[in-house]
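One file, run-v9.txt, carrying compact mmCIF, C-alpha atoms and all ligand atoms:
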# COMPACT_ATOMS: atom_id res chain seq x y z
CA MET X 1 73.08 145.09 190.62
CA SER X 2 74.68 141.74 191.38
CA GLU X 3 72.96 139.14 193.49
CA LYS X 4 74.63 137.34 196.35
CA ARG X 5 76.58 134.24 195.44
CA ARG X 6 74.98 131.00 196.60
CA VAL X 7 76.43 127.51 196.77
CA GLY X 8 74.84 124.16 197.60
CA ILE X 9 76.48 121.63 199.89
CA TRP X 10 75.97 117.93 200.53
CA LEU X 11 78.52 116.75 203.08
CA TYR X 12 78.64 113.63 205.24
CA GLN X 13 77.47 114.25 208.81
CA ASN X 14 79.11 111.32 210.61
CA GLY X 15 82.72 111.26 211.88
CA GLY X 16 82.71 114.99 212.59
CA GLY X 17 81.40 115.97 209.15
CA ASP X 18 78.62 118.06 210.72
CA LEU X 19 81.23 120.27 212.45
CA ILE X 20 83.27 120.59 209.26
CA GLU X 21 80.13 121.71 207.43
CA LYS X 22 79.40 124.40 210.05
CA LYS X 23 82.94 125.79 209.72
CA LEU X 24 82.68 125.73 205.95
CA VAL X 25 79.40 127.67 206.01
CA VAL X 26 80.90 130.32 208.33
CA LYS X 27 84.04 130.68 206.19
CA LEU X 28 81.96 131.03 203.02
CA ALA X 29 79.75 133.67 204.68
CA GLU X 30 82.90 135.67 205.49
CA ARG X 31 83.49 135.87 201.74
CA GLY X 32 79.89 136.90 201.09
CA ILE X 33 78.89 133.47 199.86
CA GLU X 34 75.63 132.03 201.11
CA ALA X 35 75.46 128.24 201.58
CA THR X 36 72.48 125.90 201.41
CA THR X 37 73.16 122.53 203.08
CA GLY X 38 71.75 119.02 203.15
CA LEU X 39 71.22 118.82 199.39
CA ASN X 40 70.97 115.07 198.92
CA LEU X 41 70.03 114.57 195.27
CA ARG X 42 68.51 111.27 196.36
CA ASN X 43 65.54 113.39 197.53
CA ALA X 44 65.27 115.49 194.38
CA TYR X 45 62.93 115.33 191.42
CA VAL X 46 63.24 116.84 187.99
CA GLU X 47 60.81 119.05 186.13
CA ASN X 48 62.02 119.64 182.58
CA GLY X 49 65.24 121.64 182.95
CA SER X 50 65.13 121.94 186.74
CA ILE X 51 66.42 119.66 189.45
CA LEU X 52 64.37 120.43 192.56
CA CYS X 53 66.09 119.28 195.71
CA MET X 54 64.97 119.69 199.30
CA ASP X 55 67.55 121.22 201.65
CA ASP X 56 67.87 120.50 205.38
CA LYS X 57 65.38 123.27 206.18
CA GLY X 58 62.73 121.52 204.09
CA GLU X 59 62.81 124.09 201.30
CA TYR X 60 63.07 123.19 197.66
CA VAL X 61 66.11 124.51 195.84
CA ARG X 62 66.25 124.90 192.08
CA MET X 63 69.76 123.47 191.70
CA GLU X 64 70.55 125.24 188.41
CA GLU X 65 70.25 128.60 190.18
CA LEU X 66 73.17 127.80 192.48
CA ASP X 67 76.58 129.19 191.57
CA LEU X 68 78.24 125.90 192.54
CA PHE X 69 77.45 122.52 194.10
CA PHE X 70 79.85 120.90 196.57
CA SER X 71 79.15 117.16 196.79
CA TYR X 72 81.06 115.30 199.53
CA ASN X 73 79.29 112.29 200.93
CA ALA X 74 80.58 108.81 200.11
CA GLY X 75 78.51 106.94 202.66
CA GLU X 76 75.10 107.99 201.38
CA GLN X 77 75.86 107.86 197.67
CA THR X 78 73.13 106.23 195.54
CA GLN X 79 72.75 105.48 191.84
CA TYR X 80 69.90 108.00 191.55
CA GLN X 81 71.95 110.70 193.29
CA MET X 82 74.90 110.01 190.94
CA TYR X 83 72.57 110.18 187.94
CA LEU X 84 71.35 113.65 188.87
CA TYR X 85 74.89 114.74 189.82
CA GLU X 86 75.92 113.86 186.26
CA ALA X 87 73.11 116.00 184.82
CA LEU X 88 73.69 118.92 187.20
CA ASP X 89 77.39 119.03 186.37
CA ARG X 90 76.39 120.05 182.85
CA SER X 91 74.53 123.10 184.18
CA ILE X 92 76.63 124.48 187.04
CA PRO X 93 80.18 123.95 188.35
CA CYS X 94 80.37 120.97 190.68
CA ILE X 95 83.15 120.02 193.09
CA ASN X 96 84.36 117.45 192.42
CA ASN X 97 83.46 117.69 188.78
CA TYR X 98 81.34 114.68 187.87
CA ARG X 99 83.55 113.33 185.12
CA SER X 100 86.62 113.04 187.33
CA PHE X 101 84.62 111.82 190.29
CA ALA X 102 83.00 109.04 188.25
CA LEU X 103 86.41 108.10 186.85
CA THR X 104 87.96 107.63 190.28
CA GLU X 105 85.00 105.56 191.43
CA ASP X 106 86.45 102.87 189.18
CA LYS X 107 89.89 101.42 189.97
CA PHE X 108 90.53 100.06 186.48
CA GLN X 109 89.51 103.23 184.62
CA THR X 110 91.72 105.26 186.96
CA ASP X 111 94.78 103.00 186.79
CA TYR X 112 94.50 102.77 183.01
CA LEU X 113 94.58 106.55 182.73
CA LEU X 114 97.39 106.95 185.28
CA ARG X 115 99.56 104.43 183.43
CA ASN X 116 99.01 106.24 180.16
CA HIS X 117 100.36 109.36 181.83
CA ALA X 118 103.44 107.45 183.00
CA LEU X 119 102.41 107.35 186.65
CA PRO X 120 103.57 104.28 188.59
CA THR X 121 100.78 102.01 189.85
CA PRO X 122 100.77 98.32 190.80
CA ASP X 123 100.80 96.24 187.60
CA PHE X 124 97.24 95.31 186.72
CA ARG X 125 95.36 93.20 184.21
CA LEU X 126 91.78 93.14 183.02
CA CYS X 127 90.11 90.40 181.00
CA HIS X 128 86.66 89.21 179.98
CA ARG X 129 84.95 86.81 182.39
CA ASP X 130 85.07 84.02 179.76
CA ASP X 131 88.83 84.40 179.54
CA SER X 132 89.66 82.73 182.86
CA GLN X 133 92.61 80.80 181.40
CA ARG X 134 94.27 84.19 181.12
CA LEU X 135 93.89 84.69 184.86
CA ARG X 136 95.86 81.46 185.37
CA ASN X 137 98.58 82.79 183.10
CA PHE X 138 98.80 86.03 185.11
CA MET X 139 99.07 83.94 188.25
CA ASP X 140 101.92 81.86 186.78
CA GLU X 141 103.74 85.05 185.97
CA TRP X 142 103.10 86.93 189.25
CA LYS X 143 102.88 84.11 191.84
CA GLN X 144 100.69 86.33 194.05
CA MET X 145 97.91 88.68 193.04
CA VAL X 146 94.94 90.63 194.37
CA TYR X 147 91.47 90.29 192.92
CA LYS X 148 89.59 93.61 193.25
CA PRO X 149 86.05 94.65 192.50
CA THR X 150 86.62 97.76 190.35
CA ASP X 151 84.04 99.74 192.35
CA GLY X 152 85.05 98.43 195.78
CA TRP X 153 85.18 100.33 199.01
CA GLY X 154 86.92 100.02 202.39
CA GLY X 155 88.90 96.94 201.42
CA VAL X 156 85.69 94.92 200.96
CA GLY X 157 85.82 92.13 198.36
CA LEU X 158 89.57 92.35 197.89
CA THR X 159 90.99 88.86 197.75
CA LYS X 160 94.64 87.95 197.91
CA ILE X 161 95.44 84.93 195.73
CA ASP X 162 98.58 83.07 196.82
CA SER X 163 98.65 80.00 194.60
CA PRO X 164 97.10 78.45 191.46
CA GLU X 165 95.03 76.25 193.81
CA ALA X 166 93.67 79.32 195.60
CA LEU X 167 92.64 80.70 192.24
CA ASP X 168 90.86 77.45 191.36
CA MET X 169 89.00 77.63 194.66
CA LEU X 170 87.97 81.23 194.02
CA MET X 171 86.76 80.75 190.43
CA PRO X 172 83.35 79.19 191.24
CA PHE X 173 82.59 82.15 193.54
CA LEU X 174 83.62 84.67 190.91
CA ASN X 175 81.55 82.87 188.26
CA GLN X 176 78.55 82.91 190.57
CA MET X 177 78.84 86.68 190.93
CA ASP X 178 77.90 87.23 187.28
CA LEU X 179 80.78 89.64 186.59
CA ARG X 180 81.51 91.07 183.17
CA TYR X 181 85.26 91.07 183.67
CA PHE X 182 88.09 90.28 186.05
CA TYR X 183 90.41 92.96 187.39
CA VAL X 184 93.58 91.82 189.16
CA GLU X 185 96.74 93.47 190.43
CA ARG X 186 100.18 92.12 191.15
CA PHE X 187 100.57 91.72 194.91
CA ILE X 188 103.01 94.40 196.04
CA ASP X 189 105.64 93.67 198.67
CA TYR X 190 105.36 96.68 200.96
CA ASP X 191 105.77 97.38 204.68
CA LYS X 192 101.99 97.36 205.36
CA THR X 193 101.88 101.13 205.69
CA ASP X 194 100.68 103.73 203.24
CA TYR X 195 100.57 107.48 202.73
CA ARG X 196 97.32 109.37 202.31
CA ILE X 197 98.02 112.71 200.65
CA ASP X 198 95.26 115.29 200.31
CA ILE X 199 95.49 117.65 197.35
CA VAL X 200 93.06 120.56 196.95
CA ASP X 201 93.07 122.66 193.79
CA GLY X 202 96.50 121.32 192.82
CA GLN X 203 98.10 122.18 196.18
CA PHE X 204 99.38 119.89 198.90
CA VAL X 205 97.17 120.07 202.01
CA SER X 206 98.07 117.15 204.25
CA CYS X 207 99.70 113.80 204.72
CA TYR X 208 99.10 111.02 207.18
CA GLY X 209 99.80 107.32 207.22
CA ARG X 210 97.86 104.13 207.80
CA ARG X 211 99.20 100.83 209.09
CA ALA X 212 97.53 97.45 208.58
CA GLY X 213 96.29 95.81 211.74
CA GLY X 214 97.38 92.35 212.95
CA SER X 215 98.06 89.96 210.10
CA ASP X 216 95.92 91.83 207.57
CA TRP X 217 97.68 93.08 204.43
CA ARG X 218 95.17 95.90 203.92
CA THR X 219 95.67 99.31 205.53
CA ASN X 220 91.97 100.32 205.49
CA VAL X 221 90.70 101.42 208.86
CA THR X 222 87.59 99.30 208.16
CA SER X 223 89.95 96.29 207.79
CA GLY X 224 91.52 96.92 211.20
CA GLY X 225 94.15 99.43 210.10
CA SER X 226 95.16 102.47 212.16
CA VAL X 227 96.08 106.03 211.33
CA PHE X 228 99.43 107.59 212.31
CA LEU X 229 101.24 110.89 211.87
CA ARG X 230 103.53 110.83 208.90
CA GLU X 231 105.64 113.42 207.11
CA ALA X 232 105.56 113.44 203.34
CA ASP X 233 108.73 113.94 201.35
CA ASP X 234 108.85 115.84 198.07
CA GLU X 235 108.76 112.71 195.93
CA VAL X 236 105.52 111.46 197.48
CA VAL X 237 103.88 114.90 197.31
CA GLU X 238 104.92 115.33 193.68
CA LEU X 239 103.46 111.93 192.79
CA ALA X 240 100.17 112.79 194.54
CA LYS X 241 99.93 116.13 192.72
CA ARG X 242 100.48 114.45 189.37
CA ALA X 243 97.82 111.82 190.14
CA ALA X 244 95.32 114.52 191.15
CA ASP X 245 96.13 116.45 187.99
CA VAL X 246 95.76 113.47 185.65
CA THR X 247 92.41 112.45 187.16
CA GLY X 248 91.20 116.06 187.12
CA LEU X 249 89.87 115.97 190.69
CA GLU X 250 89.64 119.36 192.41
CA ILE X 251 89.83 117.53 195.75
CA ALA X 252 91.78 114.28 195.83
CA GLY X 253 93.06 111.85 198.45
CA VAL X 254 95.94 109.92 196.92
CA ASP X 255 97.04 106.63 198.49
CA ILE X 256 100.69 105.74 197.95
CA ILE X 257 102.75 102.72 198.99
CA TYR X 258 106.44 101.89 198.63
CA ASP X 259 107.21 98.80 196.55
CA ARG X 260 110.20 97.13 198.25
CA ASN X 261 111.02 94.95 195.25
CA ARG X 262 111.06 97.68 192.64
CA GLU X 263 112.20 100.29 195.16
CA GLU X 264 109.71 102.89 194.03
CA TYR X 265 106.54 104.62 195.20
CA LEU X 266 103.29 103.50 193.60
CA VAL X 267 99.93 105.25 193.41
CA LEU X 268 97.53 102.71 194.83
CA GLU X 269 94.36 104.69 194.61
CA VAL X 270 92.88 108.14 194.05
CA ASN X 271 89.85 109.00 196.20
CA GLY X 272 87.33 111.68 195.27
CA ILE X 273 85.91 112.12 198.78
CA PRO X 274 88.91 111.91 201.14
CA ALA X 275 87.58 112.27 204.69
CA PHE X 276 88.49 115.11 206.99
CA ALA X 277 90.21 114.06 210.21
CA THR X 278 87.66 112.77 212.72
CA PRO X 279 87.54 114.40 216.19
CA GLU X 280 89.52 111.39 217.55
CA GLN X 281 92.15 111.71 214.82
CA GLU X 282 92.42 115.45 215.53
CA LYS X 283 93.23 114.59 219.14
CA MET X 284 96.03 112.33 217.81
CA GLY X 285 97.53 115.35 216.09
CA LEU X 286 96.05 115.26 212.59
CA ASP X 287 95.61 119.00 212.37
CA PHE X 288 94.86 119.62 208.70
CA ASN X 289 91.10 120.21 208.81
CA ASP X 290 91.21 124.02 209.03
CA ARG X 291 93.82 124.17 206.25
CA LYS X 292 91.72 121.93 204.06
CA ILE X 293 88.54 123.96 204.71
CA GLU X 294 90.45 127.16 203.87
CA SER X 295 91.72 125.67 200.57
CA ILE X 296 88.23 124.51 199.61
CA VAL X 297 86.74 127.93 200.45
CA ASP X 298 89.46 129.65 198.39
CA MET X 299 88.63 127.40 195.46
CA ILE X 300 84.86 127.91 195.76
CA ASP X 301 85.42 131.68 196.01
CA ARG X 302 87.52 131.66 192.84
CA LYS X 303 85.20 129.39 190.87
CA THR X 304 82.12 131.47 191.70
CA SER X 305 83.67 134.92 191.34
CA ARG X 306 81.83 137.17 188.91
CA LYS X 307 83.41 139.98 186.99
CA ASP X 308 80.54 142.30 187.94
CA GLY X 309 80.81 141.23 191.60
N1 LIG X 401 98.20 95.30 194.67
C1 LIG X 401 98.26 95.33 196.00
N2 LIG X 401 99.28 94.74 196.67
C2 LIG X 401 99.33 94.75 198.03
N3 LIG X 401 98.42 95.33 198.81
C3 LIG X 401 97.38 95.96 198.21
C4 LIG X 401 97.24 95.98 196.79
N4 LIG X 401 96.12 96.65 196.49
C5 LIG X 401 95.59 97.04 197.65
N5 LIG X 401 96.33 96.64 198.71
C6 LIG X 401 96.02 96.88 200.13
O1 LIG X 401 94.61 96.82 200.28
C7 LIG X 401 94.07 98.08 200.69
C8 LIG X 401 92.75 98.36 199.97
O2 LIG X 401 92.94 98.46 198.57
P1 LIG X 401 92.23 99.57 197.70
O3 LIG X 401 92.52 100.91 198.23
O4 LIG X 401 92.59 99.29 196.29
O5 LIG X 401 90.68 99.22 197.84
P2 LIG X 401 89.60 99.84 198.84
O6 LIG X 401 90.29 100.49 199.97
O7 LIG X 401 88.61 98.78 199.10
O8 LIG X 401 88.91 100.94 197.99
P3 LIG X 401 88.56 102.42 198.48
O9 LIG X 401 89.83 103.05 198.96
O10 LIG X 401 87.96 103.01 197.26
O11 LIG X 401 87.61 102.32 199.62
C9 LIG X 401 95.12 99.10 200.36
O12 LIG X 401 95.03 100.23 201.19
C10 LIG X 401 96.41 98.30 200.56
O13 LIG X 401 96.76 98.29 201.92
MG MG X 402 91.64 102.30 199.54
Just dump the structure as structure tokens.
Ligand SMILES: Nc1ncnc2c1ncn2[C@@H]1O[C@H](COP(=O)(O)OP(=O)(O)OP(=O)(O)O)[C@@H](O)[C@H]1O
Ligand SMILES: [Mg+2]
Amino acid sequence: MSEKRRVGIWLYQNGGGDLIEKKLVVKLAERGIEATTGLNLRNAYVENGSILCMDDKGEYVRMEELDLFFSYNAGEQTQYQMYLYEALDRSIPCINNYRSFALTEDKFQTDYLLRNHALPTPDFRLCHRDDSQRLRNFMDEWKQMVYKPTDGWGGVGLTKIDSPEALDMLMPFLNQMDLRYFYVERFIDYDKTDYRIDIVDGQFVSCYGRRAGGSDWRTNVTSGGSVFLREADDEVVELAKRAADVTGLEIAGVDIIYDRNREEYLVLEVNGIPAFATPEQEKMGLDFNDRKIESIVDMIDRKTSRKDG
């Protein structure tokens, strides 16, 4: 006799996430998969080999007994939650898998891997914090560069450096921040728009664009950028699929820009928790949510299927 399949979900609730979660739960039920929601590992404790996490009904769930855990909440991520996510991933299948998710949380680690698989990214450099003369040399070579925190988010902390003097002005601030290393990228000449391509389980799901707002050079919505409808051509989709494959993410949001100098597309970033379209964005015509939910449900169904089922 086979028991019912059961998956755990932790999904963001803002920006329409609560509605996405409801649809997901219904779609999973149609496949005979029961879902337990609100599993924030931040509220869990561990007893020997068991992670005990409270769900949104106030009941404790023994996480190892789940057939799969779907973790999709960037906004409420904590170090403790990530720590337990890492442990849990060794016991049951997690989406995204922890290893790939942790990789894409770091811009340098990701770009290093992408480059070693011959994927085009902006040129980047990394050096020890004591090696600041090297930063000056990069600047002499590139003329313009972007300083990035490797674990940054929403365009925060990104600094465009236009001149050797600007670098000299920035150095005291960087030194004050007690960093272990410096990560910089060549500043790319692009049209201030990007592509966001969603890939689920190796398949193309959606494409939209973002445009920087006002005089800002960053396309992030949190930096004043706006979303627009955009068709993807085969080249962009192929690049996104390869980036998702190399990082190993089951669900990936790949950001791509077009370098006008080199006349080629570059992978700017791979995101492990690409947001669904918000209700406002859906009204604008971003209509991929149902498709994306369907692809995720298909994948969960496949990954939890039992031969005796
Ligand atoms: N090397 C670069 N040259 C020109 N513009 C860049 C470069 N790197 C980033 N940008 C611009 O800045 C924006 C933010 O950069 P990036 O995606 O690397 O960081 P982030 O958005 O803060 O991180 P996350 O997407 O993880 O939240 C990009 O969307 C792009 O518009
Ligand atoms: Mg980004």
For the interface of chain X with ligand MG 402 (chain X) (cut-off 8 Å, counting all atoms listed in the file), please tabulate each contacting residue of chain X alongside its nearest pair of atoms and their separation in Å to one decimal, rows sorted by chain and increasing number, as a Markdown table.
| residue | atom | partner | partner_atom | distance |
| --- | --- | --- | --- | --- |
| X:Trp153 | CA | X:MG402 | MG | 6.8 |
| X:Gly154 | CA | X:MG402 | MG | 6.0 |
| X:Gly155 | CA | X:MG402 | MG | 6.3 |
| X:Thr219 | CA | X:MG402 | MG | 7.8 |
| X:Asn220 | CA | X:MG402 | MG | 6.3 |
| X:Asp255 | CA | X:MG402 | MG | 7.0 |
| X:Leu268 | CA | X:MG402 | MG | 7.6 |
| X:Glu269 | CA | X:MG402 | MG | 6.1 |
| X:Asn271 | CA | X:MG402 | MG | 7.7 |
Counting all atoms listed in the file, which residue out of X:Arg230, X:Arg260, X:Lys143, X:Lys160 sits closest to Asp191 (chain X)?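 Counting all atoms listed in the file, the residue closest to Asp191 (chain X) is X:Arg260.
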Per residue of region 158-233 of chain X within 6 Å of region 111-131 of chain X, record the nearest atom pair and its distance in Å to one decimal, counting only C-alpha atoms, with rows in chain order and ascending residue number, as a Markdown table.
| residue | atom | partner | partner_atom | distance |
| --- | --- | --- | --- | --- |
| X:Arg180 | CA | X:Arg129 | CA | 5.5 |
| X:Tyr181 | CA | X:His128 | CA | 4.4 |
| X:Phe182 | CA | X:Cys127 | CA | 5.4 |
| X:Tyr183 | CA | X:Leu126 | CA | 4.6 |
| X:Val184 | CA | X:Arg125 | CA | 5.4 |
| X:Glu185 | CA | X:Phe124 | CA | 4.2 |
| X:Arg186 | CA | X:Asp123 | CA | 5.5 |
Residues from last step as file, C-alpha atoms, as a short mmCIF file (atom, residue, chain, number, x, y, z; two decimals), in the frame of the given file:
data_model
loop_
_atom_site.label_atom_id
_atom_site.label_comp_id
_atom_site.auth_asym_id
_atom_site.auth_seq_id
_atom_site.Cartn_x
_atom_site.Cartn_y
_atom_site.Cartn_z
CA ARG X 180 81.51 91.07 183.17
CA TYR X 181 85.26 91.07 183.67
CA PHE X 182 88.09 90.28 186.05
CA TYR X 183 90.41 92.96 187.39
CA VAL X 184 93.58 91.82 189.16
CA GLU X 185 96.74 93.47 190.43
CA ARG X 186 100.18 92.12 191.15
#
Using CA of Ala166 (chain X) and CA of Met139 (chain X) as the two end points, give the distance in Å to one decimal.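 Going from CA of Ala166 (chain X) over to CA of Met139 (chain X) covers 10.2 Å.
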Close residues, Leu84 (chain X) itself excluded, 12 Å, all atoms listed in the file, min 4 positions apart in chain, as a PDB file with C-alpha atoms, keeping the file's coordinate frame:
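The result, written out as result06.pdb:
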ATOM      1  CA  LEU X  39      71.220 118.820 199.390  1.00  0.00           C
ATOM      2  CA  ASN X  40      70.970 115.070 198.920  1.00  0.00           C
ATOM      3  CA  LEU X  41      70.030 114.570 195.270  1.00  0.00           C
ATOM      4  CA  ARG X  42      68.510 111.270 196.360  1.00  0.00           C
ATOM      5  CA  ASN X  43      65.540 113.390 197.530  1.00  0.00           C
ATOM      6  CA  ALA X  44      65.270 115.490 194.380  1.00  0.00           C
ATOM      7  CA  TYR X  45      62.930 115.330 191.420  1.00  0.00           C
ATOM      8  CA  VAL X  46      63.240 116.840 187.990  1.00  0.00           C
ATOM      9  CA  GLY X  49      65.240 121.640 182.950  1.00  0.00           C
ATOM     10  CA  SER X  50      65.130 121.940 186.740  1.00  0.00           C
ATOM     11  CA  ILE X  51      66.420 119.660 189.450  1.00  0.00           C
ATOM     12  CA  LEU X  52      64.370 120.430 192.560  1.00  0.00           C
ATOM     13  CA  CYS X  53      66.090 119.280 195.710  1.00  0.00           C
ATOM     14  CA  MET X  63      69.760 123.470 191.700  1.00  0.00           C
ATOM     15  CA  GLU X  64      70.550 125.240 188.410  1.00  0.00           C
ATOM     16  CA  PHE X  69      77.450 122.520 194.100  1.00  0.00           C
ATOM     17  CA  SER X  71      79.150 117.160 196.790  1.00  0.00           C
ATOM     18  CA  GLN X  77      75.860 107.860 197.670  1.00  0.00           C
ATOM     19  CA  THR X  78      73.130 106.230 195.540  1.00  0.00           C
ATOM     20  CA  GLN X  79      72.750 105.480 191.840  1.00  0.00           C
ATOM     21  CA  TYR X  80      69.900 108.000 191.550  1.00  0.00           C
ATOM     22  CA  LEU X  88      73.690 118.920 187.200  1.00  0.00           C
ATOM     23  CA  ASP X  89      77.390 119.030 186.370  1.00  0.00           C
ATOM     24  CA  ARG X  90      76.390 120.050 182.850  1.00  0.00           C
ATOM     25  CA  SER X  91      74.530 123.100 184.180  1.00  0.00           C
ATOM     26  CA  CYS X  94      80.370 120.970 190.680  1.00  0.00           C
ATOM     27  CA  TYR X  98      81.340 114.680 187.870  1.00  0.00           C
TER      28      TYR X  98
END
